[in-house]
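**Q** Dropping the structure in here first, questions after.
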Amino acid sequence: MKGNSRESRFGKREKRKKTNIVLNSLIALVIVLIIFVSAKIFFGGNNDQALPADEQTASENESKQNENNKEDQGNDVEQDKEDENIDNDSEEEEKEAEENEAEEETEEDKEQVVTEGGSAPDVEKTIENPAWKPVGTSQSGEHTAVYDQNSADWQEMLNAITYATGVDQGNMTVWFLGNNGPNSSVGTISTKDQSEKYRVYIDWVDGEGWKPSKVEVLNEIN
């Protein structure tokens, strides 16, 4: 009987040990879980809070960038409109100037009278135009024609000849330029290749300069 009692007490003791070990293990596991959860809450929570802040900052920066881009695009559009308006104004002014010039030329062409022949056998045709105007002058006071190639009067006479014939002075050969009576002169000129030949009559208008009165188209230079 005593042997059975010892064995019974020993068995109970062993069961209690096993039970204690299991309980201690469970307690340790619970403590580890508590520590893990606590760490997750503290450290994980801070990261969760920091992330939205970063995202918000990035979002704000992106919004500002978009606004700046829109503002720059708006400025570019306004600048393009201003440039376009300037170009349009310049084109309109140029077109208007060309139209006015064409109208003036058309009016002169309407007034122009062309007749075959002229004052001499070398004249192919004669052109007279009441619409011709004085070419202007830098001279003042009483005028006397000056046939010196270095004088202002000579230059103004050539201006009148260019105006009447359309021959630029850079392409002009002056064969003769001299007196044709009081306040009148006559010049014989041609293009440098002599494809165009003219005799031009000009009259002086006080305060306004030399004015073409007649142009003879020549078939030869005498």
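Residues in the structure tokens are numbered from 1 in each chain, the chains being A, B, ... in the order shown, and ligands are numbered from 1 in the order shown.
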Excluding same-chain residues fewer than 2 positions from Val186 (chain A), what lies within 8 Å of it counting only C-alpha atoms, as a list of chain:residue names?
**A**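 Once the nearby chain positions are removed, what remains is A:Phe176, A:Leu177, A:Gly178, A:Asn179, A:Asn180, A:Ser184, A:Thr188, A:Arg199, A:Val200, A:Tyr201, A:Ile202.
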**Q** Go ahead and write the residues just picked, N, CA and C atoms, as a JSON list (two decimals), in the first residue's frame.
**A**
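And here's selection-v5.json as it stands now:
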[["chain", "number", "residue", "atom", "x", "y", "z"],
["A", 176, "PHE", "N", 23.72, 114.08, -121.48],
["A", 176, "PHE", "CA", 23.66, 115.54, -121.55],
["A", 176, "PHE", "C", 22.67, 116.04, -120.51],
["A", 177, "LEU", "N", 23.00, 117.16, -119.86],
["A", 177, "LEU", "CA", 22.07, 117.83, -118.95],
["A", 177, "LEU", "C", 22.41, 119.32, -119.00],
["A", 178, "GLY", "N", 21.46, 120.11, -119.54],
["A", 178, "GLY", "CA", 21.76, 121.53, -119.69],
["A", 178, "GLY", "C", 20.52, 122.39, -119.73],
["A", 179, "ASN", "N", 20.74, 123.65, -120.03],
["A", 179, "ASN", "CA", 19.69, 124.67, -120.01],
["A", 179, "ASN", "C", 18.72, 124.49, -121.17],
["A", 180, "ASN", "N", 17.43, 124.74, -120.88],
["A", 180, "ASN", "CA", 16.39, 124.68, -121.93],
["A", 180, "ASN", "C", 15.49, 125.90, -121.85],
["A", 184, "SER", "N", 14.15, 126.11, -116.82],
["A", 184, "SER", "CA", 13.88, 124.83, -117.49],
["A", 184, "SER", "C", 15.20, 124.16, -117.86],
["A", 188, "THR", "N", 19.52, 114.15, -121.42],
["A", 188, "THR", "CA", 19.48, 112.92, -122.19],
["A", 188, "THR", "C", 20.21, 111.84, -121.39],
["A", 199, "ARG", "N", 14.96, 111.31, -123.28],
["A", 199, "ARG", "CA", 15.23, 112.75, -123.19],
["A", 199, "ARG", "C", 14.14, 113.31, -122.28],
["A", 200, "VAL", "N", 14.56, 113.95, -121.20],
["A", 200, "VAL", "CA", 13.60, 114.39, -120.17],
["A", 200, "VAL", "C", 13.65, 115.91, -120.03],
["A", 201, "TYR", "N", 12.46, 116.51, -120.06],
["A", 201, "TYR", "CA", 12.31, 117.95, -119.89],
["A", 201, "TYR", "C", 11.80, 118.21, -118.48],
["A", 202, "ILE", "N", 12.46, 119.12, -117.75],
["A", 202, "ILE", "CA", 12.05, 119.42, -116.37],
["A", 202, "ILE", "C", 11.96, 120.93, -116.18]]
**Q** Residues within 10 Å of Ser138 (chain A), please, as a list in words. Count only C-alpha atoms; anything in the same chain fewer than 4 positions from it doesn't count.
**A** Ala152, Asp153, Glu156, Gly207, Glu208 and Gly209 of chain A
**Q** Restrict the selected residues to C-alpha atoms and save them as a PDB file, in the first residue's frame.
**A**
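Just written: result_1.pdb:
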ATOM      1  CA  ALA A 152      22.714 120.217-104.975  1.00  0.00           C
ATOM      2  CA  ASP A 153      20.836 121.541-108.037  1.00  0.00           C
ATOM      3  CA  GLU A 156      17.885 117.372-107.665  1.00  0.00           C
ATOM      4  CA  GLY A 207      10.014 126.203-103.143  1.00  0.00           C
ATOM      5  CA  GLU A 208       9.105 122.739-104.484  1.00  0.00           C
ATOM      6  CA  GLY A 209      11.957 121.730-106.773  1.00  0.00           C
TER       7      GLY A 209
END
**Q** Between A:Val205, A:Leu26, A:Val123, A:Val217, which one has atoms that come closest to Gln139 (chain A), using only C-alpha atoms?
**A**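 Distance minimum relative to Gln139 (chain A) lands on A:Val205.
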**Q** One number please: CA of Asp122 (chain A) to CA of Asn159 (chain A), in Å, one decimal.
**A**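 Separation of CA of Asp122 (chain A) and CA of Asn159 (chain A): 24.2 Å.
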